[in-house]
Structures are given as C-alpha cells and as structure tokens.
>>> print(open('query35.cif').read())   # mmCIF, C-alpha atoms
data_work
loop_
_atom_site.label_atom_id
_atom_site.label_comp_id
_atom_site.auth_asym_id
_atom_site.auth_seq_id
_atom_site.Cartn_x
_atom_site.Cartn_y
_atom_site.Cartn_z
CA MET A 1 192.47 76.70 169.73
CA ARG A 2 189.77 78.31 167.61
CA TYR A 3 187.19 76.35 165.65
CA ILE A 4 184.81 76.83 162.74
CA ASP A 5 181.75 74.87 161.73
CA ILE A 6 182.02 72.48 158.80
CA ALA A 7 178.75 70.68 158.09
CA GLY A 8 177.81 70.62 161.75
CA ARG A 9 181.23 69.70 163.16
CA GLN A 10 183.54 72.01 165.07
CA VAL A 11 186.88 71.89 163.25
CA SER A 12 190.14 73.47 164.41
CA VAL A 13 191.34 76.37 162.26
CA ILE A 14 194.82 74.85 162.33
CA GLY A 15 194.92 71.24 161.23
CA VAL A 16 197.61 68.79 160.22
CA GLY A 17 198.40 67.97 156.60
CA VAL A 18 199.74 64.42 156.58
CA TRP A 19 200.95 64.27 152.97
CA GLN A 20 204.44 63.73 154.36
CA PHE A 21 203.52 60.68 156.46
CA GLY A 22 205.22 57.66 154.90
CA SER A 23 206.68 59.69 152.03
CA LYS A 24 210.28 60.06 150.92
CA ALA A 25 209.38 62.86 148.50
CA TRP A 26 209.88 65.59 151.10
CA GLY A 27 213.46 64.68 151.83
CA TRP A 28 212.68 63.75 155.43
CA GLY A 29 214.54 60.47 155.04
CA THR A 30 214.12 57.27 156.99
CA GLU A 31 214.38 58.98 160.38
CA PHE A 32 210.68 59.91 160.23
CA GLY A 33 208.48 56.88 160.79
CA ALA A 34 205.30 55.49 162.29
CA GLY A 35 206.34 56.44 165.81
CA ASP A 36 206.79 60.07 164.83
CA ALA A 37 203.42 60.11 163.08
CA GLU A 38 201.71 58.69 166.17
CA ARG A 39 203.35 61.22 168.50
CA ILE A 40 202.35 64.11 166.25
CA VAL A 41 198.74 62.95 165.91
CA GLN A 42 198.32 62.21 169.60
CA ARG A 43 199.82 65.56 170.62
CA ALA A 44 197.61 67.35 168.11
CA LEU A 45 194.50 65.85 169.69
CA ASP A 46 195.76 66.78 173.15
CA LEU A 47 196.05 70.40 171.97
CA GLY A 48 192.56 70.43 170.45
CA VAL A 49 193.78 70.13 166.85
CA ASN A 50 191.29 67.75 165.28
CA LEU A 51 191.58 68.27 161.50
CA PHE A 52 193.77 65.75 159.69
CA ASP A 53 193.99 65.89 155.90
CA THR A 54 195.24 62.97 153.81
CA ALA A 55 194.57 61.36 150.41
CA GLU A 56 194.67 57.96 148.77
CA ILE A 57 197.58 59.06 146.56
CA TYR A 58 199.82 60.16 149.42
CA SER A 59 202.59 57.58 149.63
CA GLY A 60 200.36 55.14 147.78
CA GLY A 61 197.95 54.96 150.71
CA ARG A 62 200.66 54.78 153.36
CA SER A 63 199.68 58.20 154.72
CA GLU A 64 196.12 57.02 155.37
CA THR A 65 197.42 53.85 157.02
CA LEU A 66 199.74 55.74 159.35
CA LEU A 67 197.00 58.20 160.24
CA GLY A 68 194.49 55.45 160.92
CA ASN A 69 196.95 53.63 163.16
CA ALA A 70 197.90 56.82 164.98
CA LEU A 71 194.24 57.55 165.76
CA ASP A 72 193.70 54.15 167.39
CA GLY A 73 191.34 54.62 170.34
CA ARG A 74 190.76 58.31 169.61
CA ARG A 75 188.96 58.26 166.26
CA ASP A 76 185.93 60.12 167.64
CA GLU A 77 188.09 63.11 168.56
CA ALA A 78 189.36 63.54 164.99
CA TYR A 79 187.98 65.16 161.88
CA ILE A 80 189.36 63.04 159.03
CA ALA A 81 189.51 64.49 155.52
CA SER A 82 190.72 62.37 152.61
CA LYS A 83 190.64 62.66 148.83
CA VAL A 84 189.96 60.56 145.72
CA TRP A 85 192.57 60.76 142.95
CA PRO A 86 191.37 62.13 139.57
CA LEU A 87 192.37 58.89 137.80
CA HIS A 88 189.35 57.35 139.55
CA PRO A 89 186.68 59.63 138.04
CA LEU A 90 183.91 57.13 137.33
CA ARG A 91 181.04 56.57 139.73
CA HIS A 92 182.00 53.03 140.69
CA GLN A 93 185.69 54.01 140.94
CA VAL A 94 184.89 56.74 143.46
CA ARG A 95 182.93 54.29 145.59
CA SER A 96 185.74 51.72 145.42
CA ALA A 97 188.39 54.31 146.28
CA ALA A 98 186.35 55.44 149.28
CA ASN A 99 186.08 51.85 150.52
CA ARG A 100 189.83 51.37 150.24
CA SER A 101 190.50 54.63 152.09
CA LEU A 102 188.15 53.61 154.89
CA GLY A 103 189.99 50.33 155.26
CA ARG A 104 193.38 52.04 155.51
CA LEU A 105 192.02 54.65 157.91
CA ARG A 106 190.41 51.95 160.05
CA THR A 107 187.14 53.82 160.30
CA SER A 108 183.52 53.43 159.23
CA HIS A 109 183.33 56.91 157.79
CA MET A 110 185.32 59.96 156.77
CA ASP A 111 184.25 63.37 157.97
CA LEU A 112 185.10 64.96 154.62
CA TYR A 113 185.75 63.27 151.28
CA GLN A 114 187.20 65.46 148.53
CA VAL A 115 187.83 65.29 144.80
CA HIS A 116 191.58 65.82 144.73
CA TRP A 117 191.92 67.48 141.31
CA PRO A 118 189.61 68.10 138.36
CA ASN A 119 189.91 65.55 135.56
CA PRO A 120 189.47 67.46 132.29
CA LEU A 121 188.99 64.20 130.36
CA ALA A 122 186.05 62.93 132.40
CA ARG A 123 182.61 64.37 132.94
CA LEU A 124 182.33 66.01 136.32
CA GLY A 125 178.90 64.46 136.68
CA TRP A 126 180.38 60.97 136.73
CA THR A 127 182.64 61.81 139.64
CA MET A 128 180.03 63.73 141.60
CA ALA A 129 177.55 60.86 141.22
CA GLY A 130 180.10 58.71 143.00
CA MET A 131 180.57 61.36 145.69
CA ARG A 132 176.78 61.47 146.13
CA ASP A 133 176.77 57.70 146.65
CA VAL A 134 179.54 57.92 149.25
CA LEU A 135 177.65 60.70 151.05
CA ASP A 136 174.28 58.94 150.95
CA SER A 137 175.77 55.69 152.22
CA GLY A 138 177.23 57.44 155.27
CA GLN A 139 180.81 56.65 154.27
CA THR A 140 181.46 60.39 154.48
CA LYS A 141 179.65 63.09 156.39
CA ALA A 142 180.44 65.83 153.88
CA VAL A 143 181.83 66.31 150.37
CA GLY A 144 184.50 68.75 149.24
CA VAL A 145 186.71 69.46 146.26
CA SER A 146 190.32 70.50 145.84
CA ASN A 147 192.07 72.69 143.27
CA PHE A 148 188.74 73.70 141.69
CA GLY A 149 188.02 77.12 140.22
CA LEU A 150 184.81 78.84 141.28
CA ALA A 151 182.79 77.90 138.19
CA ARG A 152 183.78 74.23 138.48
CA TRP A 153 183.04 74.27 142.22
CA LYS A 154 179.52 75.49 141.50
CA ARG A 155 179.09 72.89 138.75
CA ALA A 156 180.18 70.19 141.19
CA GLU A 157 177.34 71.19 143.51
CA ASP A 158 174.85 71.16 140.66
CA ALA A 159 176.07 67.75 139.49
CA MET A 160 175.90 66.24 142.97
CA GLY A 161 172.62 67.88 143.85
CA GLY A 162 173.88 69.08 147.19
CA VAL A 163 176.34 71.20 149.10
CA VAL A 164 180.07 70.83 148.38
CA VAL A 165 181.21 72.29 151.66
CA SER A 166 184.87 73.03 150.97
CA ASN A 167 187.54 73.72 148.41
CA GLN A 168 191.15 72.91 149.26
CA VAL A 169 193.55 75.24 147.47
CA PRO A 170 197.01 76.75 147.95
CA TYR A 171 196.71 79.87 150.08
CA ASN A 172 199.50 81.69 151.87
CA ILE A 173 200.99 85.16 152.09
CA LEU A 174 202.87 84.64 148.80
CA GLN A 175 200.05 82.90 146.91
CA ARG A 176 196.79 84.79 147.29
CA ASP A 177 194.77 83.82 144.22
CA ALA A 178 192.05 82.34 146.46
CA GLU A 179 191.14 85.87 147.55
CA ARG A 180 189.90 86.81 144.08
CA GLU A 181 186.80 84.59 143.86
CA LEU A 182 187.00 81.49 146.02
CA LEU A 183 187.29 83.08 149.44
CA PRO A 184 184.53 85.68 148.89
CA HIS A 185 182.25 82.89 147.63
CA ALA A 186 182.98 80.75 150.67
CA GLN A 187 182.39 83.60 153.10
CA ALA A 188 179.15 84.65 151.43
CA ASN A 189 177.70 81.13 151.17
CA GLY A 190 178.80 79.28 154.28
CA ARG A 191 181.52 77.28 152.53
CA VAL A 192 185.10 76.73 153.68
CA ILE A 193 188.52 77.24 152.12
CA ILE A 194 191.06 74.65 153.28
CA ALA A 195 194.44 76.32 152.81
CA TYR A 196 197.15 73.90 151.83
CA SER A 197 200.80 74.96 151.73
CA PRO A 198 199.92 77.78 154.18
CA LEU A 199 203.66 78.22 154.77
CA ALA A 200 204.46 78.05 151.05
CA GLN A 201 206.07 74.65 151.76
CA GLY A 202 208.52 76.43 154.06
CA ALA A 203 209.57 79.21 151.69
CA ILE A 204 208.43 81.89 154.17
CA THR A 205 209.72 80.35 157.38
CA GLY A 206 213.17 81.98 157.17
CA ARG A 207 214.90 78.60 157.05
CA TYR A 208 215.98 78.84 153.42
CA SER A 209 218.07 81.13 151.27
CA ALA A 210 219.25 81.17 147.67
CA GLY A 211 222.27 79.18 148.80
CA ASN A 212 220.38 76.85 151.12
CA LEU A 213 217.44 75.20 149.38
CA PRO A 214 215.44 72.14 150.47
CA GLY A 215 215.72 68.76 148.82
CA GLY A 216 213.07 66.27 147.82
CA PHE A 217 209.77 67.21 146.23
CA ARG A 218 210.16 70.93 146.89
CA ARG A 219 212.91 71.25 144.29
CA THR A 220 210.12 71.28 141.69
CA ASN A 221 208.35 74.23 143.36
CA ALA A 222 209.09 77.48 141.55
CA LEU A 223 208.96 79.33 144.88
CA PHE A 224 212.28 77.69 145.73
CA MET A 225 214.06 79.03 142.67
CA PRO A 226 216.95 81.12 144.04
CA GLU A 227 215.55 84.26 142.41
CA ASN A 228 212.16 83.77 144.06
CA ILE A 229 213.71 83.10 147.45
CA ARG A 230 215.51 86.45 147.08
CA ARG A 231 212.32 88.20 146.02
CA ALA A 232 210.43 86.75 148.98
CA GLN A 233 213.00 88.00 151.49
CA PRO A 234 211.15 91.27 152.28
CA VAL A 235 208.09 89.21 153.17
CA VAL A 236 210.17 86.93 155.39
CA ASP A 237 211.79 89.96 157.05
CA THR A 238 208.39 91.50 157.79
CA LEU A 239 207.06 88.22 159.18
CA SER A 240 210.12 88.12 161.41
CA ASP A 241 209.65 91.72 162.58
CA VAL A 242 205.98 91.14 163.41
CA GLY A 243 206.94 87.90 165.11
CA LYS A 244 209.34 89.71 167.42
CA SER A 245 206.58 92.03 168.59
CA GLN A 246 204.24 89.07 169.09
CA GLY A 247 206.81 86.72 170.61
CA ALA A 248 206.28 84.34 167.72
CA THR A 249 208.18 82.80 164.83
CA PRO A 250 207.79 83.94 161.20
CA ALA A 251 205.96 80.67 160.48
CA GLN A 252 203.47 81.31 163.28
CA ILE A 253 202.77 84.81 162.00
CA ALA A 254 202.29 83.45 158.48
CA LEU A 255 199.75 80.91 159.78
CA ALA A 256 197.98 83.53 161.89
CA TRP A 257 197.73 85.70 158.76
CA VAL A 258 196.01 82.87 156.86
CA VAL A 259 193.47 81.86 159.50
CA ARG A 260 192.54 85.39 160.51
CA GLN A 261 190.11 85.16 157.57
CA PRO A 262 186.61 83.86 158.28
CA ASN A 263 185.77 80.50 156.68
CA VAL A 264 189.43 79.45 156.38
CA VAL A 265 191.31 76.58 157.97
CA ALA A 266 194.98 75.76 157.34
CA ILE A 267 196.67 72.37 157.15
CA PRO A 268 200.43 72.79 157.62
CA GLY A 269 202.58 69.70 157.87
CA ALA A 270 204.62 68.87 160.94
CA LYS A 271 207.85 66.91 161.11
CA SER A 272 208.05 66.95 164.89
CA VAL A 273 205.89 67.42 167.97
CA GLU A 274 207.62 70.75 168.56
CA GLN A 275 206.66 71.99 165.10
CA LEU A 276 203.11 70.77 165.63
CA GLU A 277 202.91 72.70 168.90
CA GLN A 278 204.19 75.87 167.24
CA ASN A 279 201.64 75.51 164.44
CA ALA A 280 198.79 75.02 166.90
CA ALA A 281 199.78 78.07 168.94
CA ALA A 282 199.42 80.26 165.84
CA ALA A 283 195.64 79.91 166.05
CA ASP A 284 195.60 82.12 169.13
CA ILE A 285 197.77 84.95 167.75
CA GLU A 286 195.77 88.13 167.18
CA LEU A 287 197.44 90.37 164.63
CA THR A 288 196.83 94.08 165.04
CA PRO A 289 195.38 96.16 162.20
CA ASP A 290 198.79 97.80 161.71
CA GLU A 291 200.52 94.42 161.55
CA LEU A 292 197.99 93.13 159.04
CA ALA A 293 198.45 96.24 156.92
CA ARG A 294 202.25 95.79 156.92
CA LEU A 295 201.95 92.15 155.94
CA ASP A 296 199.42 92.83 153.19
CA GLU A 297 201.54 95.65 151.81
CA VAL A 298 204.76 93.66 151.61
CA SER A 299 202.91 90.64 150.24
CA ALA A 300 201.60 92.74 147.36
CA THR A 301 205.18 93.56 146.32
CA PHE A 302 206.13 89.90 145.79
CA ASP A 303 206.53 89.32 142.05
CA PRO A 304 207.66 85.72 141.49
CA VAL A 305 209.56 84.50 138.46
CA SER A 306 208.11 81.42 136.77
CA ARG A 307 210.38 78.67 135.51
CA VAL A 308 209.40 79.51 131.94
CA ARG A 309 210.11 83.19 132.50
CA SER A 310 213.41 82.36 134.20
CA LEU A 311 214.52 80.18 131.31
CA GLY A 312 213.61 82.94 128.88
CA GLN A 313 215.70 85.46 130.81
CA LEU A 314 218.63 83.04 130.83
CA ALA A 315 218.32 82.50 127.09
CA ARG A 316 218.31 86.24 126.47
CA ARG A 317 221.38 86.73 128.63
CA LEU A 318 223.25 83.99 126.80
CA ALA A 319 222.18 85.39 123.43
CA SER A 320 223.48 88.84 124.32
CA ARG A 321 226.99 87.61 125.10
#
>>> encode(input="query35.cif", output="structure tokens")
Amino acid sequence: MRYIDIAGRQVSVIGVGVWQFGSKAWGWGTEFGAGDAERIVQRALDLGVNLFDTAEIYSGGRSETLLGNALDGRRDEAYIASKVWPLHPLRHQVRSAANRSLGRLRTSHMDLYQVHWPNPLARLGWTMAGMRDVLDSGQTKAVGVSNFGLARWKRAEDAMGGVVVSNQVPYNILQRDAERELLPHAQANGRVIIAYSPLAQGAITGRYSAGNLPGGFRRTNALFMPENIRRAQPVVDTLSDVGKSQGATPAQIALAWVVRQPNVVAIPGAKSVEQLEQNAAAADIELTPDELARLDEVSATFDPVSRVRSLGQLARRLASR
C-alpha cells in the first residue's frame, strides 16, 4: 500500500467510502449488514488501508455508527473522515453536528472533518467559523471541503483563517473536471484531492451494459443512461485490455489510473471483503507510459449525453415522425 501525507498523517492512497454502510439506496438489499461492514473494515486495516470516509447524512447517521462499531479496538489505526451536511451551515450547528458524529463514531476526534456541499443560501464564513471551532477544540485534526470549486475552496481558507487541506470531488477516467483547476492547485500547494466515485459508481467496471443496469440510487446517475453506457464501452474495453497485460481487473486499472496522480487519494466503496482486497491491490499497480497514454486518449473521446440533452433528442425524434 502507498501513502501520502495529510496534515501530518500517513494516509493510504486507496481508502474505503462507506456511504453504502446501512443504506438501501444502492440496491444492496438486506443481505449487507453490520457483520459485512465489520469484516470489510477489519480486513482493510489488515491490508494497511486506513482511510475511511463517511458523513452524517449517510443513512441518517447509520454509516457513522457502523463504522465506529467496526473500528472497535482499532481506532488508532484508522484515519476517519466525516462531513457536515449543508443544512447545518451556522456556527453552532456545525459544532453540534460534529458532536453527534463523534458520538456515533465512538471517538474523541475525527482526523478530517469536511463541509459536504456548499450552501448558496448561507454565508461561507458562518460555516467556516464552526469548522474553526471544531478544529481548535481538537474534535478534528484537519478541515476539508467537498464539491467546492477552486474559488470557493480558497474563500473557505480565508474565512477559516487556516489551511483547508482537502477537497472531495468526483474524479475518475470518465469525469476529469478536477484536472482543470482543483488538482493543479492541490499539487502546487500541498493540498489533497479525495476522489469519490473513482469507479464512476461502477460504470467502468465492465459489469453493466445498456441492457443490464444497476438498481437503487444509481438509476439517477446520467452515466447509467443506456446511451452513455454504450459511449463508455471503448473506455471499458481499453481498461480491460490494459488489465490483461497487468493481470488486473478493469476496476483495478481504473483505480490505479486515478491514484497515479500526486496528491490524490481514492475512496471506492466495497460490498465484500474480496472487492476490498481488489481495490487495495490497485495501489501497487504501476501503469506504463504507453498504458497511461492509451487510457488518456480513449478517455478524451468519451462524450456523455446529459438527461436534458437526451430528452431533447427524443423530443426531436418524435416531432419528426
């Protein structure tokens, strides 16, 4: 396992996103429970994976509870990152949310506390004052943000009067917006990009096709529109080809592609210990320059259809009949 420094802690470049713990929104059903969560967390620690990302909103706090229980006796080995929901933007609300998260996580402090989304109706200064309080009190060791543009990220630092060490954003081989401004800023200034949905919620794993789409929450993701699944197929095929030469799965190559960047960690989910082990192994895959060039080239050809655009095309087709 490889590690990077986040505010003085060594953090694994592959972590575990635990959004799915306790949630029915992913279509995992009732077969996934507390026992599965504990096995995944314990195996992750055994493999040197120490980054676990959760949030107060995930399953109404159930995700934090399951993670806290699963870390029983091994809290010091883990790097816990959680997030405050944007409907708690006021200073005292941030402090209260942090206290509730700490209770569910069964810990005296979080390693990273993040603002989950910007709230356009509340002053950023209100929220960052609360984050400053949580930092100064020792309830978190570092502060981050999530889904922030570069300008807002910089304003968050100004408002807090200190370093906002990370920005958690979608980043994968199909969604590369972070490379425009956020990633260069992080690399130039000692900040970190936490890549969520590094496997595009499974769209690039080769498991799905236009006729075989996932259920649950992912039905709302435009990447799983049949047209986009078809358009992503060349990317999936290239991931598969590179995987054959590396003795790896398409998902492992996709993760290796993400974390080959300096100042980037990835937080894929894991439904099973086997999937967790495969994710962790991706940290040690070294892609060759030729393989990276192939992946970058095919990625640049992906031109997704938005739901609005798709509806417009359908309307035009119907009007032409």
>>> atom_distance(input="query35.cif", atom1="CA of Gly149 (chain A)", atom2="CA of Pro170 (chain A)")
11.9 Å
>>> residues_around(input="query35.cif", residues="region 267-283 of chain A", least_positions_apart="5", cutoff="6 Å", atoms="all atoms listed in the file", output="list in words")
Met1, Gly15, Val16, Gly17, Ile40, Tyr196, Gln252 and Ala256 of chain A
>>> atom_distance(input="query35.cif", atom1="CA of Gln175 (chain A)", atom2="CA of Glu157 (chain A)")
25.8 Å
>>> resolve_selection(input="query35.cif", expression="the PyMOL selection byres ((chain A and resi 239) around 9)", output="ChimeraX atom specification")
/A:204-206,234-238,240-244,249-254,295
>>> atom_distance(input="query35.cif", atom1="CA of Arg104 (chain A)", atom2="CA of Gly144 (chain A)")
19.9 Å
>>> resolve_selection(input="query35.cif", expression="the PyMOL selection byres ((chain A and resi 49) around 9)", output="ChimeraX atom specification")
/A:1,11-16,41,43-48,50-52,78,280
>>> resolve_selection(input="query35.cif", expression="the PyMOL selection byres ((chain A and resi 86) around 8)", output="short mmCIF file (atom, residue, chain, number, x, y, z; two decimals) with C-alpha atoms, in the coordinates of the input")
data_model
loop_
_atom_site.label_atom_id
_atom_site.label_comp_id
_atom_site.auth_asym_id
_atom_site.auth_seq_id
_atom_site.Cartn_x
_atom_site.Cartn_y
_atom_site.Cartn_z
CA VAL A 84 189.96 60.56 145.72
CA TRP A 85 192.57 60.76 142.95
CA LEU A 87 192.37 58.89 137.80
CA HIS A 88 189.35 57.35 139.55
CA PRO A 89 186.68 59.63 138.04
CA VAL A 115 187.83 65.29 144.80
CA HIS A 116 191.58 65.82 144.73
CA TRP A 117 191.92 67.48 141.31
CA PRO A 118 189.61 68.10 138.36
CA ASN A 119 189.91 65.55 135.56
#
>>> closest_residue(input="query35.cif", among="A:Asn147, A:Ser299, A:Ser101, A:Ser96", to="Arg62 (chain A)", atoms="only C-alpha atoms")
A:Ser101
>>> residues_around(input="query35.cif", residues="Leu102 (chain A)", least_positions_apart="3", cutoff="10 Å", atoms="all atoms listed in the file", output="JSON, numbers by chain")
{"A": [56, 64, 65, 68, 82, 96, 97, 98, 99, 105, 106, 107, 108, 109, 110, 139, 140]}
>>> residues_around(input="query35.cif", residues="Pro184 (chain A)", least_positions_apart="3", cutoff="12 Å", atoms="only C-alpha atoms", output="list in words")
Leu150, Asp177, Ala178, Glu179, Arg180, Glu181, Gln187, Ala188, Asn189, Gly190, Arg191, Val192, Ile193, Gln261, Pro262, Asn263 and Val264 of chain A
>>> closest_residue(input="query35.cif", among="A:Met131, A:Ala200, A:Ala7, A:Leu287", to="Ile173 (chain A)", atoms="all atoms listed in the file")
A:Ala200
>>> build_atoms(input="query35.cif", residues="region 257-274 of chain A", atoms="N, CA and C atoms", output="compact mmCIF listing (two decimals), in the coordinates of the input")
# COMPACT_ATOMS: atom_id res chain seq x y z
N TRP A 257 198.22 84.85 159.86
CA TRP A 257 197.73 85.70 158.76
C TRP A 257 196.71 84.94 157.92
N VAL A 258 196.94 83.67 157.67
CA VAL A 258 196.01 82.87 156.86
C VAL A 258 194.68 82.67 157.57
N VAL A 259 194.72 82.25 158.82
CA VAL A 259 193.47 81.86 159.50
C VAL A 259 192.77 83.03 160.16
N ARG A 260 193.29 84.25 159.98
CA ARG A 260 192.54 85.39 160.51
C ARG A 260 191.30 85.62 159.65
N GLN A 261 191.26 85.04 158.46
CA GLN A 261 190.11 85.16 157.57
C GLN A 261 188.98 84.26 158.04
N PRO A 262 187.74 84.75 158.02
CA PRO A 262 186.61 83.86 158.28
C PRO A 262 186.53 82.77 157.22
N ASN A 263 186.02 81.62 157.60
CA ASN A 263 185.77 80.50 156.68
C ASN A 263 187.05 79.91 156.10
N VAL A 264 188.15 80.02 156.83
CA VAL A 264 189.43 79.45 156.38
C VAL A 264 190.02 78.59 157.48
N VAL A 265 190.48 77.41 157.09
CA VAL A 265 191.31 76.58 157.97
C VAL A 265 192.61 76.28 157.21
N ALA A 266 193.66 76.01 157.95
CA ALA A 266 194.98 75.76 157.34
C ALA A 266 195.47 74.39 157.77
N ILE A 267 196.19 73.72 156.86
CA ILE A 267 196.67 72.37 157.15
C ILE A 267 198.18 72.26 156.92
N PRO A 268 198.98 72.93 157.75
CA PRO A 268 200.43 72.79 157.62
C PRO A 268 200.87 71.38 158.01
N GLY A 269 201.99 70.96 157.44
CA GLY A 269 202.58 69.70 157.87
C GLY A 269 203.37 69.90 159.14
N ALA A 270 203.80 68.81 159.73
CA ALA A 270 204.62 68.87 160.94
C ALA A 270 205.56 67.68 160.97
N LYS A 271 206.84 67.96 161.06
CA LYS A 271 207.85 66.91 161.11
C LYS A 271 208.14 66.45 162.52
N SER A 272 207.76 67.26 163.50
CA SER A 272 208.05 66.95 164.89
C SER A 272 206.92 67.45 165.77
N VAL A 273 206.87 66.94 167.00
CA VAL A 273 205.89 67.42 167.97
C VAL A 273 206.09 68.90 168.24
N GLU A 274 207.34 69.34 168.32
CA GLU A 274 207.62 70.75 168.56
C GLU A 274 207.04 71.62 167.46
